[in-house]
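Enquirer: PDB, C-alpha atoms, file input07.pdb:
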```pdb
ATOM      1  CA  MET A 243     -96.522  18.271 131.294
ATOM      2  CA  THR A 244     -93.553  17.464 133.517
ATOM      3  CA  ASP A 245     -89.980  16.625 132.543
ATOM      4  CA  ASP A 246     -91.035  12.957 132.526
ATOM      5  CA  GLY A 247     -93.338  13.599 129.592
ATOM      6  CA  LEU A 248     -97.088  13.231 129.324
ATOM      7  CA  TRP A 249     -99.058  10.904 131.604
ATOM      8  CA  PHE A 250    -102.486   9.394 130.957
ATOM      9  CA  GLU A 251    -104.092  12.236 132.953
ATOM     10  CA  ASP A 252    -102.470  14.847 130.675
ATOM     11  CA  LEU A 253    -103.960  13.593 127.400
ATOM     12  CA  LYS A 254    -107.431  15.028 126.928
ATOM     13  CA  ILE A 255    -109.772  14.255 124.030
ATOM     14  CA  GLY A 256    -109.336  16.863 121.293
ATOM     15  CA  MET A 257    -105.749  17.830 122.168
ATOM     16  CA  THR A 258    -103.543  18.240 119.105
ATOM     17  CA  PHE A 259     -99.820  17.849 118.547
ATOM     18  CA  ARG A 260     -97.653  18.830 115.607
ATOM     19  CA  SER A 261     -94.302  17.347 114.651
ATOM     20  CA  GLY A 262     -91.313  18.937 112.988
ATOM     21  CA  GLU A 263     -90.556  18.319 109.322
ATOM     22  CA  VAL A 264     -88.421  15.763 107.561
ATOM     23  CA  VAL A 265     -87.219  15.606 103.967
ATOM     24  CA  VAL A 266     -87.743  12.205 102.332
ATOM     25  CA  ASP A 267     -84.204  11.297 101.304
ATOM     26  CA  PRO A 268     -84.143   9.879  97.741
ATOM     27  CA  ALA A 269     -81.295   7.485  98.623
ATOM     28  CA  GLN A 270     -83.267   6.225 101.627
ATOM     29  CA  VAL A 271     -86.378   5.641  99.480
ATOM     30  CA  ARG A 272     -84.287   3.179  97.465
ATOM     31  CA  SER A 273     -82.369   1.634 100.373
ATOM     32  CA  PHE A 274     -85.536   1.086 102.446
ATOM     33  CA  ALA A 275     -87.270  -0.484  99.447
ATOM     34  CA  ALA A 276     -84.254  -2.616  98.537
ATOM     35  CA  GLU A 277     -84.270  -4.087 102.048
ATOM     36  CA  PHE A 278     -87.997  -4.349 102.811
ATOM     37  CA  ASP A 279     -90.162  -3.719  99.747
ATOM     38  CA  PRO A 280     -88.156  -4.527  96.607
ATOM     39  CA  GLN A 281     -90.725  -3.652  93.950
ATOM     40  CA  PRO A 282     -89.819  -1.817  90.720
ATOM     41  CA  PHE A 283     -91.937   1.306  91.414
ATOM     42  CA  HIS A 284     -89.912   1.887  94.617
ATOM     43  CA  LEU A 285     -86.500   1.188  93.067
ATOM     44  CA  ASP A 286     -86.210   1.924  89.383
ATOM     45  CA  ASP A 287     -87.013   5.274  87.708
ATOM     46  CA  ALA A 288     -87.991   3.881  84.319
ATOM     47  CA  ALA A 289     -90.123   1.069  85.763
ATOM     48  CA  ALA A 290     -91.770   3.549  88.133
ATOM     49  CA  ARG A 291     -92.637   5.928  85.272
ATOM     50  CA  ALA A 292     -94.315   3.030  83.455
ATOM     51  CA  SER A 293     -96.249   1.997  86.573
ATOM     52  CA  ARG A 294     -99.568   3.326  87.870
ATOM     53  CA  PHE A 295     -97.588   5.757  90.060
ATOM     54  CA  GLY A 296     -96.004   7.557  87.080
ATOM     55  CA  GLY A 297     -92.712   7.906  88.945
ATOM     56  CA  LEU A 298     -90.711   6.684  91.916
ATOM     57  CA  VAL A 299     -92.682   6.458  95.191
ATOM     58  CA  ALA A 300     -91.703   5.537  98.724
ATOM     59  CA  SER A 301     -92.950   2.278 100.214
ATOM     60  CA  GLY A 302     -95.986   2.842 102.429
ATOM     61  CA  TRP A 303     -94.024   1.135 105.211
ATOM     62  CA  HIS A 304     -91.269   3.698 104.737
ATOM     63  CA  THR A 305     -93.877   6.469 105.148
ATOM     64  CA  ALA A 306     -95.143   4.734 108.292
ATOM     65  CA  ALA A 307     -91.586   4.497 109.665
ATOM     66  CA  ILE A 308     -90.883   8.172 108.858
ATOM     67  CA  THR A 309     -94.128   9.093 110.637
ATOM     68  CA  MET A 310     -92.950   7.197 113.725
ATOM     69  CA  LYS A 311     -89.685   9.160 113.580
ATOM     70  CA  LEU A 312     -91.683  12.407 113.404
ATOM     71  CA  LEU A 313     -93.841  11.355 116.366
ATOM     72  CA  VAL A 314     -90.913  10.290 118.564
ATOM     73  CA  GLY A 315     -89.316  13.704 117.952
ATOM     74  CA  SER A 316     -92.559  15.658 118.431
ATOM     75  CA  GLU A 317     -94.120  17.370 121.437
ATOM     76  CA  LEU A 318     -96.194  14.173 121.945
ATOM     77  CA  ARG A 319     -93.610  12.958 124.464
ATOM     78  CA  ILE A 320     -95.271  10.248 126.516
ATOM     79  CA  ALA A 321     -93.912   9.120 129.879
ATOM     80  CA  GLY A 322     -92.334   5.672 129.449
ATOM     81  CA  GLY A 323     -92.233   6.003 125.669
ATOM     82  CA  LEU A 324     -94.494   5.876 122.652
ATOM     83  CA  ILE A 325     -95.817   2.310 122.833
ATOM     84  CA  GLY A 326     -98.364   1.297 120.226
ATOM     85  CA  LEU A 327    -100.732  -1.551 121.039
ATOM     86  CA  GLY A 328    -101.998  -1.591 117.513
ATOM     87  CA  VAL A 329    -103.379   0.358 114.633
ATOM     88  CA  ASP A 330    -107.066   0.476 113.689
ATOM     89  CA  GLU A 331    -106.606   2.246 110.386
ATOM     90  CA  LEU A 332    -103.596   2.928 108.194
ATOM     91  CA  ALA A 333    -104.112   4.328 104.712
ATOM     92  CA  TRP A 334    -101.929   5.935 102.075
ATOM     93  CA  PRO A 335    -104.287   8.191 100.088
ATOM     94  CA  ALA A 336    -101.510   9.857  98.039
ATOM     95  CA  PRO A 337     -97.991   8.765  97.095
ATOM     96  CA  VAL A 338     -94.814  10.007  98.788
ATOM     97  CA  ARG A 339     -92.120  11.119  96.333
ATOM     98  CA  PRO A 340     -88.386  11.393  96.966
ATOM     99  CA  GLY A 341     -87.650  14.937  98.193
ATOM    100  CA  ASP A 342     -91.118  15.491  99.712
ATOM    101  CA  VAL A 343     -91.149  17.346 103.035
ATOM    102  CA  LEU A 344     -93.398  15.574 105.533
ATOM    103  CA  HIS A 345     -94.814  16.477 108.911
ATOM    104  CA  ALA A 346     -97.367  14.829 111.186
ATOM    105  CA  GLU A 347    -100.384  16.195 113.041
ATOM    106  CA  SER A 348    -101.942  14.155 115.831
ATOM    107  CA  GLN A 349    -105.171  14.455 117.769
ATOM    108  CA  VAL A 350    -106.445  12.596 120.827
ATOM    109  CA  LEU A 351    -109.684  10.837 119.787
ATOM    110  CA  ASP A 352    -110.360   8.799 122.905
ATOM    111  CA  SER A 353    -108.910   8.018 126.290
ATOM    112  CA  ARG A 354    -109.916   5.189 128.617
ATOM    113  CA  PRO A 355    -108.419   3.877 131.837
ATOM    114  CA  SER A 356    -107.284   0.251 132.002
ATOM    115  CA  ARG A 357    -110.235  -2.049 132.718
ATOM    116  CA  SER A 358    -108.026  -4.185 134.980
ATOM    117  CA  GLY A 359    -107.376  -1.221 137.269
ATOM    118  CA  ALA A 360    -103.665  -1.268 136.313
ATOM    119  CA  PRO A 361    -102.045   2.169 136.556
ATOM    120  CA  ARG A 362    -102.300   2.918 132.855
ATOM    121  CA  GLY A 363    -104.762   3.626 130.096
ATOM    122  CA  VAL A 364    -105.268   3.415 126.377
ATOM    123  CA  VAL A 365    -105.238   6.612 124.338
ATOM    124  CA  VAL A 366    -106.551   6.548 120.767
ATOM    125  CA  MET A 367    -104.683   9.016 118.538
ATOM    126  CA  ARG A 368    -105.288   9.924 114.936
ATOM    127  CA  THR A 369    -102.089  10.916 113.157
ATOM    128  CA  THR A 370    -102.185  12.528 109.731
ATOM    129  CA  THR A 371     -98.972  12.789 107.710
ATOM    130  CA  LEU A 372     -98.898  15.616 105.161
ATOM    131  CA  ASN A 373     -96.494  16.722 102.454
ATOM    132  CA  GLN A 374     -95.242  20.225 101.579
ATOM    133  CA  GLU A 375     -98.444  20.919  99.609
ATOM    134  CA  GLY A 376    -100.717  19.954 102.477
ATOM    135  CA  THR A 377    -101.718  16.707 100.770
ATOM    136  CA  VAL A 378    -102.467  13.862 103.181
ATOM    137  CA  VAL A 379    -100.070  11.000 102.395
ATOM    138  CA  GLN A 380    -100.914   8.816 105.395
ATOM    139  CA  GLN A 381    -103.830   8.556 107.791
ATOM    140  CA  MET A 382    -103.422   6.436 110.900
ATOM    141  CA  THR A 383    -105.479   5.740 113.995
ATOM    142  CA  ALA A 384    -103.453   4.035 116.718
ATOM    143  CA  LYS A 385    -103.969   2.834 120.275
ATOM    144  CA  LEU A 386    -101.202   3.895 122.647
ATOM    145  CA  LEU A 387    -100.438   2.475 126.081
ATOM    146  CA  VAL A 388     -99.949   5.386 128.468
ATOM    147  CA  PRO A 389     -99.038   5.076 132.178
ATOM    148  CA  ARG A 390    -100.923   6.993 134.837
ATOM    149  CA  ARG A 391     -99.081   9.649 136.796
ATOM    150  CA  PRO A 392     -97.577   7.992 139.885
ATOM    151  CA  VAL A 393     -99.051   9.147 143.187
ATOM    152  CA  PRO A 394     -96.261  11.151 144.858
ATOM    153  CA  ASP A 395     -97.427  10.359 148.403
ATOM    154  CA  GLU A 396     -99.548   7.309 149.209
ATOM    155  CA  ARG A 397    -101.644   9.239 151.713
ATOM    156  CA  ALA A 398    -102.862  11.466 148.882
ATOM    157  CA  ALA A 399    -104.566   8.436 147.324
ATOM    158  CA  ILE A 400    -106.652   7.703 150.438
ATOM    159  CA  PRO A 401    -109.855   9.752 150.614
ATOM    160  CA  SER A 402    -110.091  11.772 153.802
ATOM    161  CA  PRO A 403    -112.837  10.521 156.169
ATOM    162  CA  SER A 404    -114.597  13.880 156.358
TER     163      SER A 404
ATOM    164  CA  MET B 100    -101.159 -18.529  87.991
ATOM    165  CA  THR B 101     -99.227 -17.382  84.954
ATOM    166  CA  ASP B 102     -95.670 -16.058  84.741
ATOM    167  CA  ASP B 103     -97.169 -12.585  85.222
ATOM    168  CA  GLY B 104     -98.277 -13.501  88.728
ATOM    169  CA  LEU B 105    -101.745 -13.676  90.209
ATOM    170  CA  TRP B 106    -104.660 -11.705  88.761
ATOM    171  CA  PHE B 107    -107.858 -10.692  90.535
ATOM    172  CA  GLU B 108    -109.615 -13.759  89.086
ATOM    173  CA  ASP B 109    -106.989 -16.074  90.637
ATOM    174  CA  LEU B 110    -107.469 -14.972  94.259
ATOM    175  CA  LYS B 111    -110.367 -16.896  95.804
ATOM    176  CA  ILE B 112    -111.707 -16.373  99.315
ATOM    177  CA  GLY B 113    -110.025 -18.831 101.687
ATOM    178  CA  MET B 114    -106.839 -19.296  99.672
ATOM    179  CA  THR B 115    -103.708 -19.324 101.834
ATOM    180  CA  PHE B 116    -100.099 -18.384 101.160
ATOM    181  CA  ARG B 117     -96.974 -18.974 103.215
ATOM    182  CA  SER B 118     -93.743 -17.021 103.064
ATOM    183  CA  GLY B 119     -90.186 -18.146 103.617
ATOM    184  CA  GLU B 120     -88.362 -17.333 106.853
ATOM    185  CA  VAL B 121     -86.155 -14.451 107.884
ATOM    186  CA  VAL B 122     -83.876 -14.043 110.888
ATOM    187  CA  VAL B 123     -84.311 -10.727 112.695
ATOM    188  CA  ASP B 124     -80.799  -9.296 112.529
ATOM    189  CA  PRO B 125     -79.777  -7.797 115.906
ATOM    190  CA  ALA B 126     -77.745  -5.042 114.200
ATOM    191  CA  GLN B 127     -80.741  -4.152 112.041
ATOM    192  CA  VAL B 128     -83.038  -3.955 115.107
ATOM    193  CA  ARG B 129     -80.761  -1.173 116.390
ATOM    194  CA  SER B 130     -80.148   0.563 113.036
ATOM    195  CA  PHE B 131     -83.865   0.599 112.131
ATOM    196  CA  ALA B 132     -84.725   1.970 115.569
ATOM    197  CA  ALA B 133     -81.907   4.544 115.484
ATOM    198  CA  GLU B 134     -83.298   5.905 112.219
ATOM    199  CA  PHE B 135     -87.057   5.628 112.717
ATOM    200  CA  ASP B 136     -87.991   4.759 116.312
ATOM    201  CA  PRO B 137     -85.199   5.920 118.633
ATOM    202  CA  GLN B 138     -86.606   4.765 121.965
ATOM    203  CA  PRO B 139     -84.443   3.130 124.689
ATOM    204  CA  PHE B 140     -86.224  -0.278 124.633
ATOM    205  CA  HIS B 141     -85.279  -0.638 120.937
ATOM    206  CA  LEU B 142     -81.682   0.584 121.306
ATOM    207  CA  ASP B 143     -80.112  -0.021 124.683
ATOM    208  CA  ASP B 144     -79.829  -3.411 126.451
ATOM    209  CA  ALA B 145     -79.845  -2.083 130.013
ATOM    210  CA  ALA B 146     -82.701   0.358 129.411
ATOM    211  CA  ALA B 147     -84.660  -2.386 127.646
ATOM    212  CA  ARG B 148     -84.199  -4.776 130.596
ATOM    213  CA  ALA B 149     -85.583  -2.116 132.922
ATOM    214  CA  SER B 150     -88.555  -1.446 130.598
ATOM    215  CA  ARG B 151     -91.888  -3.267 130.435
ATOM    216  CA  PHE B 152     -90.417  -5.452 127.666
ATOM    217  CA  GLY B 153     -87.698  -6.936 129.925
ATOM    218  CA  GLY B 154     -85.172  -6.824 127.088
ATOM    219  CA  LEU B 155     -84.454  -5.424 123.651
ATOM    220  CA  VAL B 156     -87.395  -5.554 121.210
ATOM    221  CA  ALA B 157     -87.772  -4.593 117.571
ATOM    222  CA  SER B 158     -89.888  -1.582 116.636
ATOM    223  CA  GLY B 159     -93.371  -2.634 115.519
ATOM    224  CA  TRP B 160     -92.691  -0.724 112.299
ATOM    225  CA  HIS B 161     -89.596  -2.870 111.776
ATOM    226  CA  THR B 162     -91.766  -5.982 112.179
ATOM    227  CA  ALA B 163     -94.227  -4.515 109.665
ATOM    228  CA  ALA B 164     -91.394  -3.812 107.207
ATOM    229  CA  ILE B 165     -89.954  -7.333 107.649
ATOM    230  CA  THR B 166     -93.432  -8.740 107.006
ATOM    231  CA  MET B 167     -93.614  -6.776 103.744
ATOM    232  CA  LYS B 168     -90.232  -8.247 102.771
ATOM    233  CA  LEU B 169     -91.578 -11.738 103.508
ATOM    234  CA  LEU B 170     -94.726 -11.072 101.436
ATOM    235  CA  VAL B 171     -92.855  -9.657  98.434
ATOM    236  CA  GLY B 172     -90.688 -12.787  98.412
ATOM    237  CA  SER B 173     -93.594 -15.198  98.968
ATOM    238  CA  GLU B 174     -95.802 -17.180  96.589
ATOM    239  CA  LEU B 175     -98.348 -14.328  96.856
ATOM    240  CA  ARG B 176     -96.935 -12.828  93.672
ATOM    241  CA  ILE B 177     -99.540 -10.413  92.351
ATOM    242  CA  ALA B 178     -99.540  -9.177  88.756
ATOM    243  CA  GLY B 179     -98.404  -5.544  88.735
ATOM    244  CA  GLY B 180     -97.027  -5.748  92.277
ATOM    245  CA  LEU B 181     -98.182  -5.871  95.859
ATOM    246  CA  ILE B 182     -99.981  -2.538  96.203
ATOM    247  CA  GLY B 183    -101.642  -1.852  99.529
ATOM    248  CA  LEU B 184    -104.522   0.624  99.592
ATOM    249  CA  GLY B 185    -104.551   0.552 103.332
ATOM    250  CA  VAL B 186    -104.622  -1.515 106.467
ATOM    251  CA  ASP B 187    -107.746  -2.130 108.543
ATOM    252  CA  GLU B 188    -105.973  -3.727 111.476
ATOM    253  CA  LEU B 189    -102.355  -3.933 112.543
ATOM    254  CA  ALA B 190    -101.494  -5.317 115.970
ATOM    255  CA  TRP B 191     -98.361  -6.533 117.712
ATOM    256  CA  PRO B 192     -99.612  -9.046 120.306
ATOM    257  CA  ALA B 193     -96.109 -10.256 121.300
ATOM    258  CA  PRO B 194     -92.655  -8.650 121.065
ATOM    259  CA  VAL B 195     -90.068  -9.461 118.390
ATOM    260  CA  ARG B 196     -86.593 -10.118 119.820
ATOM    261  CA  PRO B 197     -83.266  -9.881 117.986
ATOM    262  CA  GLY B 198     -82.481 -13.315 116.509
ATOM    263  CA  ASP B 199     -86.131 -14.386 116.185
ATOM    264  CA  VAL B 200     -86.989 -16.312 113.011
ATOM    265  CA  LEU B 201     -90.159 -14.936 111.438
ATOM    266  CA  HIS B 202     -92.465 -16.102 108.674
ATOM    267  CA  ALA B 203     -95.823 -14.882 107.403
ATOM    268  CA  GLU B 204     -99.063 -16.707 106.601
ATOM    269  CA  SER B 205    -101.718 -14.971 104.509
ATOM    270  CA  GLN B 206    -105.328 -15.769 103.732
ATOM    271  CA  VAL B 207    -107.782 -14.180 101.301
ATOM    272  CA  LEU B 208    -110.718 -12.895 103.390
ATOM    273  CA  ASP B 209    -112.667 -11.053 100.726
ATOM    274  CA  SER B 210    -112.524 -10.142  97.071
ATOM    275  CA  ARG B 211    -114.628  -7.537  95.280
ATOM    276  CA  PRO B 212    -114.481  -6.096  91.775
ATOM    277  CA  SER B 213    -113.978  -2.354  91.344
ATOM    278  CA  ARG B 214    -117.295  -0.508  91.700
ATOM    279  CA  SER B 215    -116.290   1.871  88.884
ATOM    280  CA  GLY B 216    -116.006  -1.013  86.449
ATOM    281  CA  ALA B 217    -112.230  -0.420  86.134
ATOM    282  CA  PRO B 218    -110.306  -3.601  85.274
ATOM    283  CA  ARG B 219    -109.219  -4.298  88.838
ATOM    284  CA  GLY B 220    -110.522  -5.276  92.232
ATOM    285  CA  VAL B 221    -109.799  -5.061  95.919
ATOM    286  CA  VAL B 222    -108.648  -8.176  97.750
ATOM    287  CA  VAL B 223    -108.710  -8.221 101.548
ATOM    288  CA  MET B 224    -105.892 -10.336 102.973
ATOM    289  CA  ARG B 225    -105.146 -11.239 106.564
ATOM    290  CA  THR B 226    -101.435 -11.731 107.171
ATOM    291  CA  THR B 227    -100.180 -13.253 110.398
ATOM    292  CA  THR B 228     -96.482 -13.013 111.259
ATOM    293  CA  LEU B 229     -95.183 -15.741 113.567
ATOM    294  CA  ASN B 230     -91.896 -16.426 115.328
ATOM    295  CA  GLN B 231     -89.935 -19.700 115.654
ATOM    296  CA  GLU B 232     -92.181 -20.796 118.541
ATOM    297  CA  GLY B 233     -95.377 -20.235 116.587
ATOM    298  CA  THR B 234     -96.222 -17.121 118.602
ATOM    299  CA  VAL B 235     -98.111 -14.473 116.646
ATOM    300  CA  VAL B 236     -96.022 -11.282 116.682
ATOM    301  CA  GLN B 237     -98.093  -9.311 114.171
ATOM    302  CA  GLN B 238    -101.634  -9.522 112.865
ATOM    303  CA  MET B 239    -102.574  -7.439 109.842
ATOM    304  CA  THR B 240    -105.608  -7.115 107.603
ATOM    305  CA  ALA B 241    -104.853  -5.202 104.415
ATOM    306  CA  LYS B 242    -106.678  -4.160 101.264
ATOM    307  CA  LEU B 243    -104.717  -4.872  98.093
ATOM    308  CA  LEU B 244    -105.325  -3.427  94.650
ATOM    309  CA  VAL B 245    -105.247  -6.306  92.156
ATOM    310  CA  PRO B 246    -105.642  -5.953  88.358
ATOM    311  CA  ARG B 247    -107.999  -8.190  86.398
ATOM    312  CA  ARG B 248    -106.530 -10.590  83.877
ATOM    313  CA  PRO B 249    -106.359  -8.783  80.521
ATOM    314  CA  VAL B 250    -108.622 -10.168  77.825
ATOM    315  CA  PRO B 251    -106.250 -11.767  75.282
ATOM    316  CA  ASP B 252    -108.515 -11.095  72.307
ATOM    317  CA  GLU B 253    -111.034  -8.254  72.270
ATOM    318  CA  ARG B 254    -113.636 -10.347  70.464
ATOM    319  CA  ALA B 255    -113.722 -12.698  73.456
ATOM    320  CA  ALA B 256    -115.139  -9.820  75.529
ATOM    321  CA  ILE B 257    -118.101  -9.297  73.170
ATOM    322  CA  PRO B 258    -120.995 -11.684  73.809
ATOM    323  CA  SER B 259    -121.926 -13.656  70.729
ATOM    324  CA  PRO B 260    -125.390 -12.775  69.321
ATOM    325  CA  SER B 261    -126.708 -16.359  69.489
TER     326      SER B 261
END
```
Translate this file's structure into structure tokens.
Expert:
Amino acid sequence: MTDDGLWFEDLKIGMTFRSGEVVVDPAQVRSFAAEFDPQPFHLDDAAARASRFGGLVASGWHTAAITMKLLVGSELRIAGGLIGLGVDELAWPAPVRPGDVLHAESQVLDSRPSRSGAPRGVVVMRTTTLNQEGTVVQQMTAKLLVPRRPVPDERAAIPSPS
Amino acid sequence: MTDDGLWFEDLKIGMTFRSGEVVVDPAQVRSFAAEFDPQPFHLDDAAARASRFGGLVASGWHTAAITMKLLVGSELRIAGGLIGLGVDELAWPAPVRPGDVLHAESQVLDSRPSRSGAPRGVVVMRTTTLNQEGTVVQQMTAKLLVPRRPVPDERAAIPSPS
């Protein structure tokens, strides 16, 4: 890895990355939900206790956004930025509660060069978000667009005639 | 549909739902990104112009959150709330720019009763988010947990012996 971050060539299948930790701020659980997912089990203690969740839970989209924050701050620092083409799987197997401490663990599942020959590739990463008890609260498989390392000298790209 | 919202029995394959519209607030594009996805192409005009996006774009997770807001406010009002078990596909085929006007269109793709016999089912919905030009900015297929309509009188659930 250079100061520019990771290039397509650096990301090998099986490599793993771990993020730092973040505390799920109770005030943010409510403010995120009030803006984007205004349902009683994300906003109101009494209504949440009476719901299937048995207490206040964060919106799944809040968990997804927190996971992105963890990834952007992690050692998975990709040259040109963390650009998602799309997500193949996104699941929330357990609820996130206010005050939970989350971190993310990522693994490279696949890596393929651009079919068009453009100087980039697609890297498939599985990112698992866990709470302080090791319970998986989000599972995501995402396709990232990753640029190839630029050739420092054009002559190096031309095979020698030997 | 009753005042309680839609039950499992109400959601038939092929049914469509349309949301209202929301303007993507330029200040919110920056504040969302600053909190959850602090990358230059979401935060800084000059850096965004120099990036592959050619200008400031919203985080895909912001688009996902806005889509949830549109769904919660739409006619797709499910009894007990809009509870996602997970997402099978989530893609951002075109960028969302500050000031864009988005709406969501949803369609029921599949509907299956709980295998355990519990009084609920899983409904698979495809939700497309479009901008003011009709360009698809997000495509999502999600599994929703939907309760069955409660039986008003227990005797109605017991087959008559005739």
Enquirer: Could you list, as a PDB file with C-alpha atoms, in the frame of the given file, every residue matched by the PyMOL selection byres ((chain B and resi 153) around 12) in this structure?
Expert:
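Writing done, so here's selection.pdb:
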```
ATOM      1  CA  PRO B 139     -84.443   3.130 124.689  1.00  0.00           C
ATOM      2  CA  PHE B 140     -86.224  -0.278 124.633  1.00  0.00           C
ATOM      3  CA  HIS B 141     -85.279  -0.638 120.937  1.00  0.00           C
ATOM      4  CA  ASP B 143     -80.112  -0.021 124.683  1.00  0.00           C
ATOM      5  CA  ASP B 144     -79.829  -3.411 126.451  1.00  0.00           C
ATOM      6  CA  ALA B 145     -79.845  -2.083 130.013  1.00  0.00           C
ATOM      7  CA  ALA B 146     -82.701   0.358 129.411  1.00  0.00           C
ATOM      8  CA  ALA B 147     -84.660  -2.386 127.646  1.00  0.00           C
ATOM      9  CA  ARG B 148     -84.199  -4.776 130.596  1.00  0.00           C
ATOM     10  CA  ALA B 149     -85.583  -2.116 132.922  1.00  0.00           C
ATOM     11  CA  SER B 150     -88.555  -1.446 130.598  1.00  0.00           C
ATOM     12  CA  ARG B 151     -91.888  -3.267 130.435  1.00  0.00           C
ATOM     13  CA  PHE B 152     -90.417  -5.452 127.666  1.00  0.00           C
ATOM     14  CA  GLY B 154     -85.172  -6.824 127.088  1.00  0.00           C
ATOM     15  CA  LEU B 155     -84.454  -5.424 123.651  1.00  0.00           C
ATOM     16  CA  VAL B 156     -87.395  -5.554 121.210  1.00  0.00           C
ATOM     17  CA  PRO B 194     -92.655  -8.650 121.065  1.00  0.00           C
ATOM     18  CA  ARG B 196     -86.593 -10.118 119.820  1.00  0.00           C
TER      19      ARG B 196
END
```
Enquirer: Using only C-alpha atoms, which of A:Val388, A:Ala346, A:Val271, A:Ala360 sits nearest Asn373 in chain A?
Expert: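 Ranked by minimum distance to Asn373 in chain A, first place goes to A:Ala346.
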Enquirer: Which of these, B:Pro192, B:Pro197, B:Gly185, B:Gly113, has the shortest distance to Arg129 in chain B once you count all atoms listed in the file?
Expert: B:Pro197
Enquirer: Would you list the contacts of Ser173 in chain B as an MDAnalysis selection string, taking every protein, DNA or RNA residue within 10 Å and counting all atoms listed in the file, but skipping same-chain residues closer than 2 positions in sequence?
Expert: chainID B and resid 116:120 167:171 175:176 202:205
Enquirer: Return as a count of residues only the set of residues that the PyMOL selection byres ((chain A and resi 364) around 7) yields on the displayed structure.
Expert: 11
Enquirer: For a quick test of understanding: name the residues of chain B lying within 10 Å of chain A when counting only C-alpha atoms, and present them as an MDAnalysis selection string.
Expert: chainID B and resid 131:140 150:151 158:161 163:172 179:193 237:242
